[in-house]
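run17.tsv follows (TSV, C-alpha atoms):
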chain	number	residue	atom	x	y	z
A	1	MET	CA	-13.85	-13.37	-10.26
A	2	PHE	CA	-15.13	-10.20	-11.90
A	3	ASP	CA	-12.14	-10.23	-14.28
A	4	TYR	CA	-13.08	-13.70	-15.53
A	5	LEU	CA	-16.73	-12.79	-16.01
A	6	ASP	CA	-15.79	-9.59	-17.81
A	7	ALA	CA	-13.42	-11.50	-20.10
A	8	LEU	CA	-16.11	-14.10	-20.87
A	9	ILE	CA	-18.71	-11.47	-21.80
A	10	THR	CA	-16.26	-9.21	-23.64
A	11	GLY	CA	-14.88	-12.08	-25.71
A	12	PHE	CA	-18.33	-13.34	-26.68
A	13	LEU	CA	-19.82	-9.96	-27.56
A	14	GLY	CA	-16.67	-8.84	-29.34
A	15	THR	CA	-16.75	-11.83	-31.67
A	16	VAL	CA	-20.49	-11.41	-32.30
A	17	HIS	CA	-19.93	-7.74	-33.15
A	18	TRP	CA	-16.99	-8.47	-35.46
A	19	THR	CA	-18.88	-11.22	-37.28
A	20	TRP	CA	-21.87	-8.96	-37.87
A	21	ARG	CA	-19.61	-6.17	-39.10
A	22	SER	CA	-18.03	-8.65	-41.50
A	23	ILE	CA	-21.43	-9.67	-42.87
A	24	ILE	CA	-22.37	-6.04	-43.59
A	25	PHE	CA	-18.92	-5.20	-45.08
A	26	ASP	CA	-17.96	-2.93	-42.19
A	27	VAL	CA	-14.43	-4.33	-41.79
A	28	PRO	CA	-11.36	-4.08	-44.04
A	29	TRP	CA	-11.81	-6.48	-46.97
A	30	TYR	CA	-8.62	-8.37	-46.14
A	31	THR	CA	-9.94	-9.26	-42.67
A	32	ASN	CA	-13.43	-10.23	-43.88
A	33	TYR	CA	-13.29	-13.99	-43.39
A	34	PHE	CA	-17.07	-14.33	-43.69
A	35	TRP	CA	-17.29	-13.26	-47.31
A	36	GLY	CA	-13.77	-14.50	-48.00
A	37	LEU	CA	-14.88	-18.03	-47.08
A	38	ILE	CA	-17.92	-17.72	-49.35
A	39	ILE	CA	-15.90	-16.43	-52.32
A	40	ILE	CA	-13.21	-19.11	-51.99
A	41	SER	CA	-15.90	-21.79	-51.64
A	42	LEU	CA	-17.73	-20.64	-54.79
A	43	VAL	CA	-14.50	-20.50	-56.81
A	44	VAL	CA	-13.35	-23.99	-55.80
A	45	TRP	CA	-16.87	-25.40	-56.24
A	46	GLY	CA	-16.98	-23.86	-59.72
A	47	LEU	CA	-13.72	-25.59	-60.61
A	48	GLU	CA	-15.17	-28.87	-59.31
A	49	VAL	CA	-18.13	-28.43	-61.65
A	50	LEU	CA	-15.98	-27.52	-64.66
A	51	PHE	CA	-13.14	-30.02	-64.12
A	52	PRO	CA	-14.47	-32.94	-62.04
A	53	TRP	CA	-11.98	-35.68	-61.15
A	54	ARG	CA	-14.69	-38.24	-60.43
A	55	LYS	CA	-17.09	-37.42	-63.24
A	56	GLU	CA	-19.83	-39.71	-61.93
A	57	GLN	CA	-20.03	-37.76	-58.67
A	58	PRO	CA	-23.04	-35.38	-58.57
A	59	ILE	CA	-22.52	-31.63	-58.26
A	60	PHE	CA	-24.60	-31.76	-55.09
A	61	ARG	CA	-22.79	-34.79	-53.74
A	62	LYS	CA	-23.76	-36.85	-50.72
A	63	ASP	CA	-23.90	-34.65	-47.59
A	64	PHE	CA	-23.18	-31.47	-49.58
A	65	TRP	CA	-25.55	-29.36	-47.47
A	66	LEU	CA	-24.40	-30.93	-44.21
A	67	ASP	CA	-20.83	-29.96	-45.03
A	68	ALA	CA	-21.89	-26.46	-46.09
A	69	PHE	CA	-23.56	-26.04	-42.70
A	70	TYR	CA	-20.43	-27.31	-40.95
A	71	MET	CA	-18.37	-24.64	-42.74
A	72	PHE	CA	-20.30	-21.82	-41.12
A	73	PHE	CA	-20.82	-23.59	-37.81
A	74	ASN	CA	-17.14	-24.36	-37.21
A	75	PHE	CA	-15.79	-21.17	-38.73
A	76	PHE	CA	-18.21	-18.70	-37.13
A	77	VAL	CA	-20.89	-20.05	-34.78
A	78	PHE	CA	-18.55	-22.12	-32.63
A	79	ALA	CA	-15.93	-19.37	-32.72
A	80	ILE	CA	-18.51	-17.01	-31.21
A	81	VAL	CA	-19.52	-19.51	-28.53
A	82	ILE	CA	-15.98	-20.34	-27.44
A	83	SER	CA	-14.35	-16.90	-27.81
A	84	GLY	CA	-15.21	-15.84	-24.28
A	85	VAL	CA	-13.67	-19.00	-22.85
A	86	TYR	CA	-10.37	-18.24	-24.57
A	87	LYS	CA	-10.44	-14.73	-23.11
A	88	VAL	CA	-10.94	-16.24	-19.64
A	89	LEU	CA	-7.96	-18.55	-20.17
A	90	GLY	CA	-5.89	-15.56	-21.22
A	91	VAL	CA	-6.68	-13.83	-17.93
A	92	LEU	CA	-5.90	-17.02	-15.98
A	93	PHE	CA	-2.53	-17.47	-17.69
A	94	SER	CA	-1.61	-13.85	-17.06
A	95	TYR	CA	-2.26	-14.35	-13.35
A	96	MET	CA	0.00	-17.42	-13.48
A	97	GLY	CA	2.76	-15.40	-15.11
A	98	ILE	CA	2.50	-17.24	-18.41
A	99	ASN	CA	2.76	-14.99	-21.45
A	100	ALA	CA	4.43	-14.72	-24.83
A	101	GLN	CA	7.65	-13.42	-23.34
A	102	THR	CA	8.07	-16.39	-20.98
A	103	LEU	CA	7.61	-18.94	-23.79
A	104	ALA	CA	9.16	-17.10	-26.74
A	105	VAL	CA	11.89	-18.94	-28.62
A	106	VAL	CA	11.93	-16.67	-31.66
A	107	ASP	CA	11.25	-12.95	-31.90
A	108	MET	CA	10.48	-12.06	-35.49
A	109	ALA	CA	9.00	-8.60	-34.96
A	110	ASN	CA	11.88	-6.90	-36.78
A	111	TRP	CA	12.22	-9.45	-39.59
A	112	PRO	CA	11.26	-8.67	-43.21
A	113	GLN	CA	7.51	-9.03	-43.75
A	114	TRP	CA	7.83	-11.93	-46.20
A	115	LEU	CA	10.01	-13.87	-43.75
A	116	GLN	CA	7.58	-13.24	-40.89
A	117	LEU	CA	4.71	-14.61	-43.00
A	118	LEU	CA	6.71	-17.64	-44.14
A	119	LEU	CA	7.79	-18.65	-40.63
A	120	PHE	CA	4.31	-18.01	-39.25
A	121	PHE	CA	2.82	-20.23	-41.96
A	122	VAL	CA	5.34	-23.05	-41.52
A	123	VAL	CA	5.20	-23.14	-37.70
A	124	LEU	CA	1.40	-23.13	-37.57
A	125	ASP	CA	1.20	-25.81	-40.26
A	126	PHE	CA	3.62	-28.09	-38.42
A	127	VAL	CA	1.63	-27.65	-35.20
A	128	GLN	CA	-1.54	-28.63	-37.07
A	129	TRP	CA	0.18	-31.59	-38.73
A	130	PHE	CA	1.35	-32.84	-35.33
A	131	THR	CA	-2.12	-32.34	-33.83
A	132	HIS	CA	-3.63	-34.23	-36.76
A	133	VAL	CA	-1.30	-37.16	-36.12
A	134	LEU	CA	-2.44	-37.22	-32.48
A	135	LEU	CA	-6.09	-37.32	-33.60
A	136	HIS	CA	-5.35	-40.56	-35.43
A	137	ARG	CA	-2.89	-42.03	-32.94
A	138	TYR	CA	-4.99	-41.96	-29.76
A	139	PRO	CA	-8.38	-43.75	-29.73
A	140	PHE	CA	-10.20	-41.20	-27.55
A	141	LEU	CA	-9.17	-38.41	-29.96
A	142	TRP	CA	-9.94	-40.55	-33.00
A	143	GLU	CA	-13.56	-40.86	-31.81
A	144	PHE	CA	-14.00	-37.12	-32.40
A	145	HIS	CA	-12.01	-37.12	-35.64
A	146	LYS	CA	-14.26	-39.82	-37.08
A	147	VAL	CA	-16.81	-37.10	-37.89
A	148	HIS	CA	-14.39	-35.66	-40.45
A	149	HIS	CA	-13.63	-39.10	-41.84
A	150	SER	CA	-17.30	-39.96	-42.24
A	151	VAL	CA	-17.23	-38.17	-45.61
A	152	LYS	CA	-18.20	-40.69	-48.30
A	153	GLU	CA	-18.01	-38.40	-51.35
A	154	MET	CA	-15.26	-35.82	-51.33
A	155	GLY	CA	-15.88	-32.16	-52.09
A	156	PHE	CA	-14.51	-28.74	-51.08
A	157	ALA	CA	-16.93	-28.24	-48.15
A	158	ALA	CA	-15.72	-31.45	-46.49
A	159	HIS	CA	-12.71	-29.36	-45.47
A	160	LEU	CA	-14.62	-27.92	-42.52
A	161	ARG	CA	-16.74	-30.92	-41.53
A	162	PHE	CA	-15.19	-31.73	-38.19
A	163	HIS	CA	-16.30	-32.24	-34.60
A	164	TRP	CA	-16.29	-29.09	-32.48
A	165	MET	CA	-13.89	-30.77	-30.06
A	166	GLU	CA	-11.20	-30.47	-32.73
A	167	ASN	CA	-11.36	-26.71	-32.28
A	168	ILE	CA	-10.69	-27.27	-28.58
A	169	LEU	CA	-7.67	-29.42	-29.44
A	170	TYR	CA	-6.18	-27.35	-32.26
A	171	LYS	CA	-6.59	-23.86	-30.80
A	172	PRO	CA	-4.35	-24.22	-27.71
A	173	LEU	CA	-1.55	-25.82	-29.71
A	174	LYS	CA	-1.78	-23.17	-32.43
A	175	THR	CA	-1.69	-20.50	-29.73
A	176	LEU	CA	1.40	-22.17	-28.28
A	177	GLY	CA	3.00	-22.03	-31.72
A	178	VAL	CA	2.32	-18.30	-31.91
A	179	MET	CA	3.70	-17.79	-28.39
A	180	VAL	CA	6.89	-19.59	-29.38
A	181	LEU	CA	7.19	-16.86	-32.04
A	182	GLY	CA	7.09	-14.29	-29.28
A	183	GLY	CA	3.31	-14.04	-29.32
A	184	PHE	CA	3.67	-12.18	-32.60
A	185	GLU	CA	1.25	-12.49	-35.49
A	186	PRO	CA	2.46	-10.70	-38.65
A	187	GLU	CA	0.50	-7.65	-39.73
A	188	GLN	CA	-0.35	-9.35	-43.00
A	189	ALA	CA	-1.23	-12.71	-41.43
A	190	TYR	CA	-4.55	-12.60	-43.27
A	191	ILE	CA	-2.59	-13.80	-46.32
A	192	VAL	CA	-1.64	-16.97	-44.42
A	193	HIS	CA	-5.17	-17.54	-43.15
A	194	PHE	CA	-6.80	-17.11	-46.56
A	195	ALA	CA	-4.15	-19.32	-48.17
A	196	ALA	CA	-4.86	-22.03	-45.58
A	197	ILE	CA	-8.61	-21.87	-46.34
A	198	ALA	CA	-8.01	-22.11	-50.08
A	199	ILE	CA	-5.51	-24.99	-49.81
A	200	GLY	CA	-7.83	-26.86	-47.45
A	201	HIS	CA	-10.75	-26.44	-49.85
A	202	PHE	CA	-8.66	-27.65	-52.79
A	203	ASN	CA	-7.37	-30.64	-50.80
A	204	HIS	CA	-10.94	-31.88	-50.36
A	205	ALA	CA	-12.20	-30.85	-53.79
A	206	ASN	CA	-13.25	-33.20	-56.58
A	207	ILE	CA	-10.35	-31.96	-58.70
A	208	LYS	CA	-7.28	-33.90	-59.82
A	209	LEU	CA	-4.43	-31.58	-58.90
A	210	THR	CA	-0.90	-32.33	-57.70
A	211	TYR	CA	1.06	-29.07	-58.39
A	212	GLY	CA	3.76	-31.04	-60.23
A	213	PRO	CA	7.16	-30.91	-58.48
A	214	LEU	CA	5.60	-28.78	-55.73
A	215	LYS	CA	3.64	-31.82	-54.56
A	216	TYR	CA	6.53	-32.57	-52.20
A	217	ILE	CA	5.89	-29.23	-50.48
A	218	LEU	CA	2.18	-28.48	-50.88
A	219	ASN	CA	-0.62	-30.80	-49.87
A	220	ASN	CA	-2.99	-31.54	-52.76
A	221	PRO	CA	-6.30	-33.29	-53.61
A	222	VAL	CA	-4.67	-36.50	-54.89
A	223	MET	CA	-2.55	-36.90	-51.78
A	224	HIS	CA	-5.29	-35.96	-49.35
A	225	LEU	CA	-7.86	-38.28	-50.90
A	226	TYR	CA	-5.81	-41.23	-49.68
A	227	HIS	CA	-5.84	-39.78	-46.18
A	228	HIS	CA	-9.61	-40.38	-46.31
A	229	ALA	CA	-9.31	-43.88	-47.77
A	230	TYR	CA	-11.41	-46.60	-46.14
A	231	THR	CA	-8.45	-48.99	-46.34
A	232	ILE	CA	-5.11	-47.73	-45.04
A	233	PRO	CA	-1.71	-49.47	-44.94
A	234	LYS	CA	-1.65	-52.27	-42.41
A	235	GLY	CA	-0.06	-51.34	-39.10
A	236	SER	CA	-0.49	-47.59	-39.56
A	237	HIS	CA	-2.82	-45.14	-37.86
A	238	GLY	CA	-3.25	-43.20	-41.08
A	239	VAL	CA	-1.31	-41.54	-43.87
A	240	ASN	CA	-0.89	-38.12	-45.49
A	241	PHE	CA	-1.59	-36.03	-42.40
A	242	GLY	CA	-0.56	-32.75	-44.04
A	243	ILE	CA	-2.82	-29.72	-43.68
A	244	SER	CA	-1.37	-27.13	-46.09
A	245	LEU	CA	2.09	-28.63	-46.50
A	246	SER	CA	2.92	-32.18	-47.60
A	247	VAL	CA	6.59	-31.84	-46.69
A	248	TRP	CA	6.02	-33.13	-43.13
A	249	ASP	CA	4.64	-36.42	-44.46
A	250	TYR	CA	7.62	-36.90	-46.74
A	251	LEU	CA	10.04	-36.01	-43.94
A	252	PHE	CA	8.41	-38.34	-41.40
A	253	LYS	CA	7.60	-41.13	-43.89
A	254	THR	CA	3.82	-40.93	-43.54
A	255	ASN	CA	3.25	-40.25	-47.24
A	256	TYR	CA	1.22	-42.76	-49.25
A	257	ILE	CA	-0.12	-42.39	-52.81
A	258	PRO	CA	-0.48	-45.86	-54.39
A	259	GLU	CA	-2.22	-44.58	-57.54
A	260	SER	CA	-4.21	-41.57	-58.75
A	261	SER	CA	-7.47	-42.78	-60.27
A	262	GLY	CA	-9.50	-41.32	-57.43
A	263	GLN	CA	-11.77	-44.36	-57.50
A	264	ILE	CA	-11.43	-45.52	-53.92
A	265	GLU	CA	-13.85	-46.06	-51.07
A	266	LEU	CA	-13.80	-43.35	-48.42
A	267	GLY	CA	-14.56	-43.56	-44.72
A	268	PHE	CA	-13.40	-46.02	-42.07
A	269	PRO	CA	-14.40	-49.47	-40.79
A	270	GLY	CA	-17.60	-49.06	-38.78
A	271	ASP	CA	-18.53	-45.68	-40.27
A	272	GLU	CA	-22.08	-46.88	-40.82
A	273	THR	CA	-22.67	-46.58	-37.05
A	274	LEU	CA	-21.79	-42.89	-36.93
A	275	PRO	CA	-24.85	-40.58	-36.78
A	276	LYS	CA	-25.74	-39.15	-40.19
A	277	GLY	CA	-27.09	-35.81	-39.00
A	278	PHE	CA	-25.44	-32.78	-37.45
A	279	TRP	CA	-27.08	-33.04	-34.01
A	280	GLY	CA	-26.09	-36.68	-33.61
A	281	GLN	CA	-22.53	-35.89	-34.64
A	282	LEU	CA	-22.42	-32.91	-32.29
A	283	THR	CA	-22.39	-35.18	-29.23
A	284	TYR	CA	-20.54	-38.07	-30.84
A	285	GLY	CA	-17.31	-39.20	-29.20
A	286	PHE	CA	-18.29	-38.70	-25.58
A	287	LYS	CA	-19.64	-42.19	-25.15
A	288	LYS	CA	-17.41	-45.21	-24.71
A	289	PRO	CA	-16.52	-46.36	-28.24
A	290	LYS	CA	-17.61	-49.75	-29.43
A	291	LYS	CA	-14.90	-52.17	-30.43
A	292	GLU	CA	-14.44	-52.41	-34.18
A	293	ASN	CA	-13.88	-55.71	-35.92
Now, as a test, write the supplied structure out as structure tokens.
Amino acid sequence: MFDYLDALITGFLGTVHWTWRSIIFDVPWYTNYFWGLIIISLVVWGLEVLFPWRKEQPIFRKDFWLDAFYMFFNFFVFAIVISGVYKVLGVLFSYMGINAQTLAVVDMANWPQWLQLLLFFVVLDFVQWFTHVLLHRYPFLWEFHKVHHSVKEMGFAAHLRFHWMENILYKPLKTLGVMVLGGFEPEQAYIVHFAAIAIGHFNHANIKLTYGPLKYILNNPVMHLYHHAYTIPKGSHGVNFGISLSVWDYLFKTNYIPESSGQIELGFPGDETLPKGFWGQLTYGFKKPKKEN
């Protein structure tokens, strides 16, 4: 019992300490996700201001400050709160004999650095794509994911507006993906993490960008906008589920880009019933959902 309590406290305090050190620039710059998130956000926001896709959309769009708050809540505050729990689970799994060695399918420790980073990026992105599909496919998961789809005007900060339960769902599966790689995270994995933040910001930004021929590999704002469309193809649970990569949608036939004007309604049927403020959204999804017409 003491081991679990120690893990809980150690995990919590360790994350608090690291976050504070990041704020005061007391960590290596390439691991400073606090200021890295701020810099990436300012750059993408600046591009939105200079090259807006939907020119009628205000710079401070609807729910701009709510989404900005969500960025820091989901990226830092919730990470601090839940970090101890993950440490406890790590102790529990070790007692059960479950570790990276028992689940490893690939051992890439001796591979070239660039290949380690590439495989790490691709595996984690596929895991997130699959998790995203589940969020749309199963009604009880969709109730939580509705918070993300309640965005009515798209902008970079909408990237991190999501219900805290999504962290609970994504984290174990991402950890499983890492364990399949032998529990190994490349030394330069910060490149992958920062790239994922930047791509996610761009995907939600008010910028018309497709990357040309690379659109079949990289997710992009035009493609992702239609993931947030109020009206989706009949008989589907959603389209364009890609996180950083679009290739999974093209491979599994979930891609859908009917046109590229950007002038479409966002949200979902019944979105007017979802709480508008953070505290209401924080507890949303735990009550029995009402039937939608």
Problem set entry | Exercise: stretch 50-53 of chain A partners within 8 Å, only C-alpha atoms, chain neighbours under 3 positions left out, as a ChimeraX atom specification | /A:46-47,206-208,262
Please, could you write that set of residues out with C-alpha atoms as a short mmCIF file (atom, residue, chain, number, x, y, z; two decimals), in the coordinates of the input?
data_model
loop_
_atom_site.label_atom_id
_atom_site.label_comp_id
_atom_site.auth_asym_id
_atom_site.auth_seq_id
_atom_site.Cartn_x
_atom_site.Cartn_y
_atom_site.Cartn_z
CA GLY A 46 -16.98 -23.86 -59.72
CA LEU A 47 -13.72 -25.59 -60.61
CA ASN A 206 -13.25 -33.20 -56.58
CA ILE A 207 -10.35 -31.96 -58.70
CA LYS A 208 -7.28 -33.90 -59.82
CA GLY A 262 -9.50 -41.32 -57.43
#
Exercise. For A:Tyr230, which of A:Met179, A:Val147, A:Ala195, A:Ile264 is the closest residue, counting all atoms listed in the file?
Worked result: A:Ile264
For this session: Excluding stretch 153-170 of chain A and any residue of its chain fewer than 4 positions from it, enumerate the residues within 9 Å of it, using all atoms listed in the file, and give them as number ranges by chain.
Result: A: 41, 44-45, 48, 57, 61-75, 78-79, 82, 127-128, 131-132, 135, 141, 144-149, 174-175, 197, 200-207, 225, 228, 265-266, 281-285
Each residue of stretch 84-170 of chain A with at least one atom at most 9 Å from stretch 6-20 of chain A should appear once, together with its nearest atom pair and the corresponding distance in Å (one decimal); atoms considered: only C-alpha atoms; ordering: chain, then increasing residue number; output as CSV.
residue,atom,partner,partner_atom,distance
A:Gly84,CA,A:Leu8,CA,3.9
A:Val85,CA,A:Leu8,CA,5.8
A:Tyr86,CA,A:Gly11,CA,7.7
A:Lys87,CA,A:Ala7,CA,5.3
A:Val88,CA,A:Ala7,CA,5.4
A:Leu89,CA,A:Ala7,CA,8.9
A:Gly90,CA,A:Ala7,CA,8.6
A:Val91,CA,A:Ala7,CA,7.5
Exercise. Excluding same-chain residues fewer than 4 positions from A:Gly242, what lies within 7 Å of it counting only C-alpha atoms, as a PyMOL selection string?
Worked result: chain A and resi 129+219+246+248-249
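Going from atom CA of A:Thr254 over to atom CA of A:Val239, you cover 5.2 Å.
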For this session: Would you list the contacts of stretch 105-113 of chain A as a list of chain:residue names, taking every protein, DNA or RNA residue within 7 Å and counting only C-alpha atoms, but skipping same-chain residues closer than 5 positions in sequence?
Result: A:Val180, A:Leu181, A:Gly182, A:Phe184
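Rounded to one decimal, atom CA of A:Asp271 and atom CA of A:Phe286 lie 16.3 Å from each other.
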Exercise. Closest to A:Tyr33 among A:Tyr226, A:Glu56, A:Arg21, A:Val133, using all atoms listed in the file?
Worked result: A:Arg21
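You will find atom CA of A:Leu251 at 23.6 Å from atom CA of A:Ala198.
Closest approach to A:Ile232 from the set A:Trp35, A:Pro269, A:Val81, A:Phe2 is made by A:Pro269, with distances taken over only C-alpha atoms.
The smallest atom-to-atom distance between A:Phe252 and any of A:Trp114, A:Phe126, A:Phe25, A:Phe60, using all atoms listed in the file, is found for A:Phe126.
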N, CA and C atoms are needed for stretch 9-25 of chain A; please write them out as an mmCIF file, in the coordinates of the input.
data_model
loop_
_atom_site.group_PDB
_atom_site.id
_atom_site.type_symbol
_atom_site.label_atom_id
_atom_site.label_comp_id
_atom_site.auth_asym_id
_atom_site.auth_seq_id
_atom_site.Cartn_x
_atom_site.Cartn_y
_atom_site.Cartn_z
ATOM 1 N N ILE A 9 -17.696 -12.264 -21.111
ATOM 2 C CA ILE A 9 -18.710 -11.470 -21.800
ATOM 3 C C ILE A 9 -18.078 -10.647 -22.925
ATOM 4 N N THR A 10 -16.930 -10.051 -22.645
ATOM 5 C CA THR A 10 -16.260 -9.210 -23.640
ATOM 6 C C THR A 10 -15.846 -10.036 -24.863
ATOM 7 N N GLY A 11 -15.305 -11.228 -24.608
ATOM 8 C CA GLY A 11 -14.880 -12.080 -25.710
ATOM 9 C C GLY A 11 -16.052 -12.504 -26.585
ATOM 10 N N PHE A 12 -17.139 -12.897 -25.949
ATOM 11 C CA PHE A 12 -18.330 -13.340 -26.680
ATOM 12 C C PHE A 12 -18.924 -12.206 -27.509
ATOM 13 N N LEU A 13 -19.187 -11.069 -26.860
ATOM 14 C CA LEU A 13 -19.820 -9.960 -27.560
ATOM 15 C C LEU A 13 -18.913 -9.364 -28.627
ATOM 16 N N GLY A 14 -17.614 -9.364 -28.363
ATOM 17 C CA GLY A 14 -16.670 -8.840 -29.340
ATOM 18 C C GLY A 14 -16.675 -9.646 -30.629
ATOM 19 N N THR A 15 -16.740 -10.961 -30.490
ATOM 20 C CA THR A 15 -16.750 -11.830 -31.670
ATOM 21 C C THR A 15 -18.072 -11.725 -32.420
ATOM 22 N N VAL A 16 -19.175 -11.608 -31.666
ATOM 23 C CA VAL A 16 -20.490 -11.410 -32.300
ATOM 24 C C VAL A 16 -20.483 -10.107 -33.113
ATOM 25 N N HIS A 17 -19.962 -9.059 -32.495
ATOM 26 C CA HIS A 17 -19.930 -7.740 -33.150
ATOM 27 C C HIS A 17 -19.071 -7.788 -34.398
ATOM 28 N N TRP A 18 -17.903 -8.405 -34.308
ATOM 29 C CA TRP A 18 -16.990 -8.470 -35.460
ATOM 30 C C TRP A 18 -17.600 -9.283 -36.590
ATOM 31 N N THR A 19 -18.254 -10.384 -36.256
ATOM 32 C CA THR A 19 -18.880 -11.220 -37.280
ATOM 33 C C THR A 19 -19.977 -10.458 -38.007
ATOM 34 N N TRP A 20 -20.799 -9.744 -37.247
ATOM 35 C CA TRP A 20 -21.870 -8.960 -37.870
ATOM 36 C C TRP A 20 -21.299 -7.868 -38.760
ATOM 37 N N ARG A 21 -20.254 -7.214 -38.287
ATOM 38 C CA ARG A 21 -19.610 -6.170 -39.100
ATOM 39 C C ARG A 21 -19.032 -6.760 -40.383
ATOM 40 N N SER A 22 -18.547 -7.989 -40.300
ATOM 41 C CA SER A 22 -18.030 -8.650 -41.500
ATOM 42 C C SER A 22 -19.151 -8.916 -42.497
ATOM 43 N N ILE A 23 -20.296 -9.359 -41.994
ATOM 44 C CA ILE A 23 -21.430 -9.670 -42.870
ATOM 45 C C ILE A 23 -21.902 -8.427 -43.622
ATOM 46 N N ILE A 24 -21.873 -7.273 -42.963
ATOM 47 C CA ILE A 24 -22.370 -6.040 -43.590
ATOM 48 C C ILE A 24 -21.222 -5.230 -44.215
ATOM 49 N N PHE A 25 -20.074 -5.832 -44.409
ATOM 50 C CA PHE A 25 -18.920 -5.200 -45.080
ATOM 51 C C PHE A 25 -18.411 -3.978 -44.324
#
